[in-house]
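Undergrad: So I've got this file, my_file34.txt, and it contains compact mmCIF, C-alpha atoms (C1' of nucleotides):
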# COMPACT_ATOMS: atom_id res chain seq x y z
CA MET A 23 63.65 9.45 67.36
CA THR A 24 63.27 6.19 69.21
CA ALA A 25 59.57 6.03 69.83
CA ALA A 26 59.99 5.36 73.55
CA THR A 27 57.76 2.33 73.81
CA PRO A 28 55.20 3.08 76.46
CA LEU A 29 55.51 0.99 79.58
CA ASP A 30 53.37 -2.09 79.57
CA ALA A 31 50.95 -2.67 82.40
CA GLU A 32 53.32 -4.72 84.50
CA GLU A 33 56.18 -2.32 84.14
CA LEU A 34 53.97 0.57 85.07
CA ALA A 35 52.58 -1.25 88.07
CA ALA A 36 56.05 -2.09 89.29
CA TYR A 37 57.27 1.46 88.85
CA LEU A 38 54.29 3.03 90.55
CA ALA A 39 54.30 0.63 93.47
CA LEU A 40 57.99 1.20 94.01
CA LYS A 41 57.52 4.93 93.85
CA GLU A 42 54.63 5.00 96.25
CA VAL A 43 56.26 2.78 98.82
CA SER A 44 59.44 4.81 98.79
CA SER A 45 57.55 8.03 99.07
CA LEU A 46 55.42 6.90 102.00
CA LEU A 47 58.37 5.38 103.75
CA GLU A 48 60.50 8.47 103.31
CA HIS A 49 57.70 10.63 104.59
CA ALA A 50 57.22 8.55 107.70
CA VAL A 51 60.93 8.36 108.40
CA GLU A 52 61.37 12.09 108.08
CA GLN A 53 58.58 12.73 110.48
CA GLN A 54 60.05 10.36 113.02
CA LEU A 55 63.46 11.97 112.76
CA ARG A 56 61.98 15.39 113.17
CA THR A 57 59.91 14.39 116.15
CA ASP A 58 62.48 12.30 117.97
CA GLY A 59 65.59 14.31 117.26
CA GLY A 60 64.80 17.55 115.50
CA LEU A 61 66.64 16.27 112.46
CA SER A 62 65.74 16.63 108.81
CA GLY A 63 66.28 13.75 106.42
CA PRO A 64 69.43 15.22 104.88
CA GLN A 65 70.85 16.02 108.30
CA PHE A 66 70.28 12.50 109.50
CA GLN A 67 71.92 11.15 106.39
CA ILE A 68 75.00 13.22 107.02
CA LEU A 69 75.29 12.07 110.61
CA ALA A 70 74.66 8.48 109.66
CA ARG A 71 77.23 8.59 106.91
CA LEU A 72 79.79 9.98 109.30
CA SER A 73 79.04 7.37 111.90
CA ASP A 74 79.63 4.66 109.30
CA ALA A 75 82.87 6.22 108.12
CA PRO A 76 86.07 4.39 109.10
CA ALA A 77 87.40 6.98 111.52
CA GLY A 78 84.15 8.80 112.11
CA HIS A 79 85.10 11.55 109.73
CA LEU A 80 85.02 12.45 106.05
CA ARG A 81 85.98 15.35 103.84
CA MET A 82 83.26 17.72 102.72
CA THR A 83 83.61 16.70 99.09
CA ASP A 84 83.33 13.02 99.88
CA LEU A 85 80.23 13.70 101.88
CA ALA A 86 78.70 15.80 99.13
CA ASP A 87 79.43 13.13 96.54
CA SER A 88 78.02 10.30 98.57
CA LEU A 89 74.89 12.29 99.30
CA VAL A 90 74.31 13.43 95.72
CA TYR A 91 73.86 17.08 96.32
CA SER A 92 75.80 20.23 95.69
CA ARG A 93 78.71 21.40 97.79
CA SER A 94 76.96 24.60 98.71
CA GLY A 95 74.02 22.56 99.90
CA LEU A 96 76.31 20.55 102.09
CA THR A 97 77.96 23.67 103.44
CA TYR A 98 74.55 24.86 104.50
CA GLN A 99 73.66 21.64 106.24
CA ALA A 100 77.05 21.36 107.84
CA ALA A 101 76.64 24.84 109.26
CA GLN A 102 73.31 23.85 110.77
CA LEU A 103 74.73 20.72 112.30
CA GLU A 104 77.79 22.51 113.60
CA LYS A 105 75.62 25.16 115.23
CA GLN A 106 73.92 22.39 117.13
CA GLY A 107 77.24 20.89 118.14
CA LEU A 108 76.60 17.65 116.29
CA ILE A 109 79.61 17.79 114.00
CA MET A 110 82.97 19.55 113.91
CA ARG A 111 84.76 20.95 110.90
CA THR A 112 88.54 20.99 111.01
CA PRO A 113 91.16 21.64 108.34
CA ALA A 114 92.69 18.50 106.88
CA GLU A 115 96.31 17.90 107.71
CA ASP A 116 97.51 16.62 104.39
CA ASP A 117 95.60 18.98 102.12
CA GLU A 118 95.12 22.53 103.31
CA ARG A 119 92.15 23.01 101.04
CA SER A 120 90.11 20.22 102.53
CA ILE A 121 87.89 20.24 105.56
CA VAL A 122 87.38 17.15 107.62
CA VAL A 123 83.98 16.68 109.15
CA THR A 124 83.79 14.76 112.39
CA LEU A 125 80.87 13.50 114.41
CA THR A 126 81.00 14.93 117.92
CA PRO A 127 80.01 12.91 120.99
CA ALA A 128 76.79 14.89 121.04
CA GLY A 129 76.21 13.95 117.44
CA ARG A 130 76.74 10.29 118.18
CA GLU A 131 74.46 10.54 121.16
CA LEU A 132 71.70 12.07 119.13
CA LEU A 133 72.11 9.41 116.51
CA ASP A 134 71.85 6.74 119.18
CA ARG A 135 68.79 8.37 120.55
CA VAL A 136 67.08 8.64 117.21
CA MET A 137 68.03 5.28 115.80
CA PRO A 138 65.61 3.03 117.66
CA GLY A 139 62.65 5.02 116.43
CA HIS A 140 64.05 5.00 112.94
CA VAL A 141 64.42 1.27 113.00
CA GLU A 142 60.96 0.90 114.43
CA VAL A 143 59.43 2.83 111.55
CA VAL A 144 61.26 0.78 108.96
CA GLN A 145 60.28 -2.41 110.72
CA ARG A 146 56.66 -1.47 111.00
CA LEU A 147 56.15 0.05 107.57
CA LEU A 148 58.41 -2.04 105.42
CA LEU A 149 59.81 -5.17 107.00
CA THR A 150 56.63 -6.41 108.59
CA SER A 151 55.24 -7.06 105.16
CA LEU A 152 58.29 -8.91 103.94
CA SER A 153 59.32 -12.53 104.11
CA ARG A 154 62.95 -13.54 104.24
CA ARG A 155 62.74 -14.29 100.54
CA ASP A 156 61.24 -10.92 99.79
CA ILE A 157 64.11 -9.25 101.57
CA ALA A 158 66.64 -11.25 99.63
CA ALA A 159 64.84 -10.43 96.40
CA ILE A 160 64.85 -6.72 97.10
CA THR A 161 68.50 -6.74 98.03
CA ASP A 162 69.35 -8.62 94.90
CA ILE A 163 67.20 -6.67 92.48
CA MET A 164 67.80 -3.22 93.87
CA GLY A 165 71.46 -3.90 94.28
CA ARG A 166 71.69 -4.73 90.62
CA VAL A 167 69.72 -1.66 89.62
CA ARG A 168 71.88 0.54 91.78
CA ASP A 169 75.07 -0.80 90.28
CA ARG A 170 73.80 -0.15 86.79
CA MET A 171 72.63 3.32 87.66
CA ARG A 172 76.03 4.18 89.00
CA THR A 173 77.77 2.77 85.98
CA ALA A 174 75.57 4.40 83.40
CA PRO A 175 76.46 7.90 82.22
CA PRO A 176 74.81 10.18 84.78
CA ARG A 177 73.52 12.80 82.42
CA SER A 178 75.58 13.30 79.34
CA ALA A 179 75.44 11.29 76.16
CA GLN A 180 71.71 11.15 76.41
CA ARG A 181 70.81 13.68 73.83
CA ARG A 182 72.51 13.44 70.51
CA PRO A 183 73.05 16.65 68.54
CA ALA A 184 71.91 14.99 65.31
CA GLY A 185 69.75 11.94 64.95
CA GLY A 186 71.90 10.20 62.36
CA MET B 26 59.47 -0.37 125.57
CA THR B 27 60.02 -2.89 122.81
CA ALA B 28 63.75 -2.83 122.37
CA ALA B 29 63.51 -2.18 118.64
CA THR B 30 65.66 -5.03 117.45
CA PRO B 31 68.30 -3.55 115.23
CA LEU B 32 68.00 -4.50 111.60
CA ASP B 33 70.10 -7.48 110.62
CA ALA B 34 72.54 -7.17 107.75
CA GLU B 35 70.14 -8.37 105.10
CA GLU B 36 67.33 -6.14 106.20
CA LEU B 37 69.63 -3.18 106.27
CA ALA B 38 71.00 -3.97 102.84
CA ALA B 39 67.51 -4.27 101.40
CA TYR B 40 66.38 -1.02 102.96
CA LEU B 41 69.42 0.92 101.86
CA ALA B 42 69.37 -0.40 98.32
CA LEU B 43 65.70 0.43 98.00
CA LYS B 44 66.27 3.88 99.34
CA GLU B 45 69.18 4.63 97.08
CA VAL B 46 67.49 3.40 93.94
CA SER B 47 64.38 5.42 94.64
CA SER B 48 66.38 8.48 95.38
CA LEU B 49 68.48 8.30 92.24
CA LEU B 50 65.47 7.52 90.11
CA GLU B 51 63.45 10.35 91.54
CA HIS B 52 66.31 12.72 91.01
CA ALA B 53 66.72 11.75 87.38
CA VAL B 54 63.00 11.90 86.69
CA GLU B 55 62.69 15.34 88.20
CA GLN B 56 65.49 16.64 86.11
CA GLN B 57 63.93 15.26 82.96
CA LEU B 58 60.57 16.80 83.77
CA ARG B 59 62.16 20.13 84.45
CA THR B 60 64.19 20.07 81.27
CA ASP B 61 61.54 18.76 78.92
CA GLY B 62 58.50 20.53 80.30
CA GLY B 63 59.42 23.01 83.00
CA LEU B 64 57.53 20.87 85.48
CA SER B 65 58.45 19.98 89.03
CA GLY B 66 57.82 16.52 90.37
CA PRO B 67 54.74 17.52 92.35
CA GLN B 68 53.33 19.42 89.40
CA PHE B 69 53.78 16.47 87.12
CA GLN B 70 52.10 14.25 89.66
CA ILE B 71 49.10 16.52 89.78
CA LEU B 72 48.75 16.59 86.02
CA ALA B 73 49.25 12.86 85.74
CA ARG B 74 46.70 12.18 88.43
CA LEU B 75 44.20 14.37 86.65
CA SER B 76 44.85 12.71 83.35
CA ASP B 77 44.14 9.34 84.94
CA ALA B 78 40.97 10.53 86.61
CA PRO B 79 37.72 9.21 85.15
CA ALA B 80 36.46 12.49 83.71
CA GLY B 81 39.76 14.31 83.68
CA HIS B 82 38.91 16.18 86.84
CA LEU B 83 39.07 15.85 90.61
CA ARG B 84 38.25 17.90 93.66
CA MET B 85 41.04 19.69 95.44
CA THR B 86 40.68 17.55 98.55
CA ASP B 87 40.79 14.33 96.60
CA LEU B 88 43.92 15.50 94.87
CA ALA B 89 45.55 16.52 98.12
CA ASP B 90 44.71 13.20 99.71
CA SER B 91 46.01 11.12 96.86
CA LEU B 92 49.21 13.13 96.76
CA VAL B 93 49.84 13.04 100.48
CA TYR B 94 50.42 16.67 101.11
CA SER B 95 48.61 19.51 102.76
CA ARG B 96 45.73 21.40 101.22
CA SER B 97 47.60 24.66 101.36
CA GLY B 98 50.47 23.01 99.51
CA LEU B 99 48.10 21.89 96.83
CA THR B 100 46.56 25.35 96.59
CA TYR B 101 50.01 26.70 95.94
CA GLN B 102 50.78 24.18 93.22
CA ALA B 103 47.34 24.55 91.67
CA ALA B 104 47.91 28.29 91.44
CA GLN B 105 51.20 27.71 89.63
CA LEU B 106 49.63 25.30 87.19
CA GLU B 107 46.65 27.52 86.59
CA LYS B 108 48.91 30.47 85.86
CA GLN B 109 50.49 28.40 83.14
CA GLY B 110 47.12 27.42 81.77
CA LEU B 111 47.63 23.73 82.45
CA ILE B 112 44.65 23.24 84.71
CA MET B 113 41.36 24.98 85.42
CA ARG B 114 39.63 25.44 88.74
CA THR B 115 35.86 25.64 88.73
CA PRO B 116 33.31 25.50 91.52
CA ALA B 117 31.66 22.11 91.93
CA GLU B 118 28.02 21.92 91.02
CA ASP B 119 26.81 19.68 93.77
CA ASP B 120 28.82 21.13 96.64
CA GLU B 121 29.40 24.85 96.66
CA ARG B 122 32.44 24.47 98.91
CA SER B 123 34.32 22.25 96.55
CA ILE B 124 36.51 23.16 93.62
CA VAL B 125 36.89 20.87 90.68
CA VAL B 126 40.27 20.81 89.03
CA THR B 127 40.36 20.02 85.33
CA LEU B 128 43.22 19.36 82.98
CA THR B 129 43.13 21.87 80.10
CA PRO B 130 44.02 20.91 76.54
CA ALA B 131 47.32 22.68 77.07
CA GLY B 132 47.89 20.59 80.16
CA ARG B 133 47.22 17.40 78.31
CA GLU B 134 49.48 18.52 75.51
CA LEU B 135 52.31 19.22 77.89
CA LEU B 136 51.80 15.86 79.53
CA ASP B 137 51.95 14.19 76.14
CA ARG B 138 55.07 16.07 75.30
CA VAL B 139 56.82 15.20 78.54
CA MET B 140 55.76 11.59 78.80
CA PRO B 141 58.10 10.00 76.26
CA GLY B 142 61.14 11.38 78.03
CA HIS B 143 59.75 10.30 81.34
CA VAL B 144 59.26 6.78 80.08
CA GLU B 145 62.71 6.80 78.57
CA VAL B 146 64.32 7.65 81.90
CA VAL B 147 62.43 4.94 83.71
CA GLN B 148 63.31 2.45 81.01
CA ARG B 149 66.95 3.33 81.00
CA LEU B 150 67.53 3.64 84.72
CA LEU B 151 65.20 1.05 86.11
CA LEU B 152 63.70 -1.35 83.63
CA THR B 153 66.85 -2.11 81.69
CA SER B 154 68.22 -3.87 84.72
CA LEU B 155 65.13 -5.93 85.31
CA SER B 156 63.99 -9.27 83.99
CA ARG B 157 60.34 -10.08 83.58
CA ARG B 158 60.54 -12.00 86.83
CA ASP B 159 62.12 -9.07 88.62
CA ILE B 160 59.31 -6.85 87.49
CA ALA B 161 56.72 -9.31 88.69
CA ALA B 162 58.54 -9.62 92.01
CA ILE B 163 58.63 -5.87 92.53
CA THR B 164 54.99 -5.50 91.66
CA ASP B 165 54.06 -8.27 94.03
CA ILE B 166 56.25 -7.23 96.93
CA MET B 167 55.77 -3.50 96.72
CA GLY B 168 52.09 -3.92 96.11
CA ARG B 169 51.82 -5.88 99.32
CA VAL B 170 53.85 -3.34 101.25
CA ARG B 171 51.79 -0.50 99.92
CA ASP B 172 48.54 -2.15 100.90
CA ARG B 173 49.79 -2.69 104.43
CA MET B 174 51.05 0.82 104.71
CA ARG B 175 47.70 2.18 103.71
CA THR B 176 45.88 -0.09 106.09
CA ALA B 177 48.07 0.62 109.08
CA PRO B 178 47.21 3.61 111.25
CA PRO B 179 49.00 6.51 109.57
CA ARG B 180 50.32 8.21 112.64
CA SER B 181 48.26 7.71 115.70
CA ALA B 182 48.36 4.77 118.07
CA GLN B 183 52.11 4.66 117.82
CA ARG B 184 53.02 6.22 121.09
CA ARG B 185 51.25 4.95 124.13
CA PRO B 186 50.72 7.35 127.00
CA ALA B 187 51.85 4.76 129.52
CA GLY B 188 54.05 1.80 128.85
CA GLY B 189 52.17 -0.84 130.67
C1' DT C 14 30.00 22.30 114.12
C1' DA C 15 32.54 20.18 110.40
C1' DT C 16 34.40 20.59 105.87
C1' DT C 17 36.46 22.95 101.66
C1' DG C 18 39.61 25.88 100.11
C1' DT C 19 42.56 30.13 100.40
C1' DT C 20 45.82 33.38 102.44
C1' DA C 21 49.54 35.03 105.28
C1' DT C 22 53.60 33.74 106.99
C1' DA C 23 57.74 31.66 108.13
C1' DC C 24 61.11 28.30 107.37
C1' DT C 25 63.86 24.70 105.07
C1' DC C 26 66.16 23.16 101.27
C1' DT C 27 68.66 23.50 97.02
C1' DA C 28 71.22 25.35 93.22
C1' DT C 29 74.05 28.85 90.59
C1' DA C 30 77.55 32.01 90.39
C1' DA C 31 81.14 34.63 92.31
C1' DC C 32 84.83 34.37 95.39
C1' DT C 33 89.05 32.78 98.30
C1' DA C 34 92.69 29.79 99.01
C1' DT C 35 95.48 25.91 98.20
C1' DA C 36 97.53 22.13 94.76
C1' DT D 14 94.60 25.67 85.88
C1' DA D 15 92.07 22.66 88.78
C1' DT D 16 90.20 21.58 93.19
C1' DA D 17 88.00 22.49 98.02
C1' DG D 18 85.03 25.07 100.33
C1' DT D 19 82.20 29.29 101.42
C1' DT D 20 79.04 33.06 100.60
C1' DA D 21 75.46 35.66 98.52
C1' DT D 22 71.41 35.21 96.51
C1' DA D 23 67.28 33.75 94.71
C1' DG D 24 63.61 30.62 94.16
C1' DA D 25 60.77 26.57 95.06
C1' DG D 26 58.26 23.81 98.27
C1' DT D 27 55.93 22.85 102.47
C1' DA D 28 53.45 23.36 106.70
C1' DT D 29 50.71 25.87 110.35
C1' DA D 30 47.36 28.87 111.67
C1' DA D 31 43.82 32.08 110.80
C1' DC D 32 40.19 32.94 107.82
C1' DA D 33 35.77 32.77 104.74
C1' DA D 34 32.11 30.24 102.95
C1' DT D 35 29.17 26.40 102.59
C1' DA D 36 27.10 21.84 104.54
Once you've parsed the file, please lay out its structure as structure tokens.
TA:
Amino acid sequence: MTAATPLDAEELAAYLALKEVSSLLEHAVEQQLRTDGGLSGPQFQILARLSDAPAGHLRMTDLADSLVYSRSGLTYQAAQLEKQGLIMRTPAEDDERSIVVTLTPAGRELLDRVMPGHVEVVQRLLLTSLSRRDIAAITDIMGRVRDRMRTAPPRSAQRRPAGG
Amino acid sequence: MTAATPLDAEELAAYLALKEVSSLLEHAVEQQLRTDGGLSGPQFQILARLSDAPAGHLRMTDLADSLVYSRSGLTYQAAQLEKQGLIMRTPAEDDERSIVVTLTPAGRELLDRVMPGHVEVVQRLLLTSLSRRDIAAITDIMGRVRDRMRTAPPRSAQRRPAGG
DNA sequence: TATTGTTATACTCTATAACTATA
DNA sequence: TATAGTTATAGAGTATAACAATA
């Protein structure tokens, strides 16, 4: 067994600081979304993703993949959003199995209404503390980490049946 | 109303990259904790916090504060952990209202057992991609952000009753 | 009165498995 | 057979409000 070298002080500090900042930021953002638009974090993410999509719509599977969670979880959220008239689900034309999710005008409106507050929170909590160089550094570093994470085997090939 | 300048491209990129990395990392860590020790993220945090505490114990309120969530939420988690024999709750000596939470030997054992895998995940997903300079940069930047976040008024004084 | 902690309750979120329908 | 999506279900987590006890 590889003895999993414990993190040194700097590594630990970096990890913990990153974790705490993300956690506090996420918390604050979720509260703002809830207050300003009655949206949960996942719901906002779905709407935002749709609004960024080329034609304002995506298939369920694509949404689920890009948001990391299970299809049943997405079905649940989609049902909530549809109930509120924020999205529409329609059968895909080319593949009868697929469902295309579209942002409704009401959905776009809500997004527009919620966005300024969202931006304000991010500005106030995160960006205020950052110089232009800091921002570039984060983009660079986190971008690299993200690319590696996506490349690396998600789960498998971690545990070997026999040590060797 | 301050027109909440929309984030420019760089700011947005930094924010999104940060968010995605944290999210993926958290996800992976939680799965590892669950698999290796049957612990949820919050439960692990509680145990870890206790293990870092000076005498291996903290009051409920202190725990709740340092972990951000509500006291009733902590009561729930503490009950789960106590059921499993990982912590102990005992009345405080100096203040009859307070409860002191202590890590049991079994709790420490579990923490020891889970930690190597935890470290491994952080190494593999995060630290592998980082140079020494990156680590220093993250520590510096995130440390600064965290300090500001803590200093800033948590919730109040955000919305003014009248604009001007 | 304020603080510490618990309880009752209600709700959201998520995942797994079983199922339907199309490719 | 594999893929897309839904449903049923079950469990975990969290918060709010009401409560009891101590400061």
Undergrad: Tell me which protein, DNA and RNA residues are within 12 Å of D:DT35, counting only C-alpha atoms (C1' of nucleotides), leaving out same-chain ones fewer than 4 positions away, and put them as a list of chain:residue names.
TA: B:Pro116, B:Ala117, B:Asp119, B:Asp120, B:Glu121, B:Arg122, B:Ser123, C:DA15, C:DT16, C:DT17, C:DG18
Undergrad: Can you tell me how far atom CA of B:Glu55 sits from atom CA of B:Arg138, in Å to one decimal?
TA: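 Here the two named atoms are 15.0 Å from each other.
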Undergrad: From the options D:DT27, D:DT16, D:DC32, D:DT22, which residue's atoms come nearest to chain B, counting only C-alpha atoms (C1' of nucleotides)?
TA: D:DT27
Undergrad: What residues in chain C have any atom no more than 9 Å from chain A when counting only C-alpha atoms (C1' of nucleotides), and can you write them as a list in words?
TA: DC26, DT27, DA28, DA34, DT35 and DA36 of chain C
Undergrad: Could you pull the residues within 8 Å of stretch 136-148 of chain A, counting only C-alpha atoms (C1' of nucleotides), minus those fewer than 4 positions along the same chain, as a list of chain:residue names?
TA: A:Leu47, A:Ala50, A:Val51, A:Gln54, A:Leu55, A:Asp58, A:Gly59, A:Leu132, A:Leu152, B:Ala28, B:Ala29, B:Thr30, B:Pro31, B:Leu32, B:Val170, B:Arg173, B:Met174
Undergrad: Please produce, as JSON lines, a per-residue contact table for chain D versus chain B (criterion: any atom at most 12 Å away, only C-alpha atoms (C1' of nucleotides) considered), showing the nearest atom pair and its distance in Å to one decimal, sorted by chain then residue number.
TA:
{"residue": "D:DA25", "atom": "C1'", "partner": "B:Ser65", "partner_atom": "CA", "distance": 9.2}
{"residue": "D:DG26", "atom": "C1'", "partner": "B:Gly98", "partner_atom": "CA", "distance": 7.9}
{"residue": "D:DT27", "atom": "C1'", "partner": "B:Gly98", "partner_atom": "CA", "distance": 6.2}
{"residue": "D:DA28", "atom": "C1'", "partner": "B:Ser95", "partner_atom": "CA", "distance": 7.3}
{"residue": "D:DT29", "atom": "C1'", "partner": "B:Ser97", "partner_atom": "CA", "distance": 9.6}
{"residue": "D:DA30", "atom": "C1'", "partner": "B:Ser97", "partner_atom": "CA", "distance": 11.1}
{"residue": "D:DA33", "atom": "C1'", "partner": "B:Arg122", "partner_atom": "CA", "distance": 10.7}
{"residue": "D:DA34", "atom": "C1'", "partner": "B:Arg122", "partner_atom": "CA", "distance": 7.1}
{"residue": "D:DT35", "atom": "C1'", "partner": "B:Arg122", "partner_atom": "CA", "distance": 5.3}
{"residue": "D:DA36", "atom": "C1'", "partner": "B:Asp120", "partner_atom": "CA", "distance": 8.1}
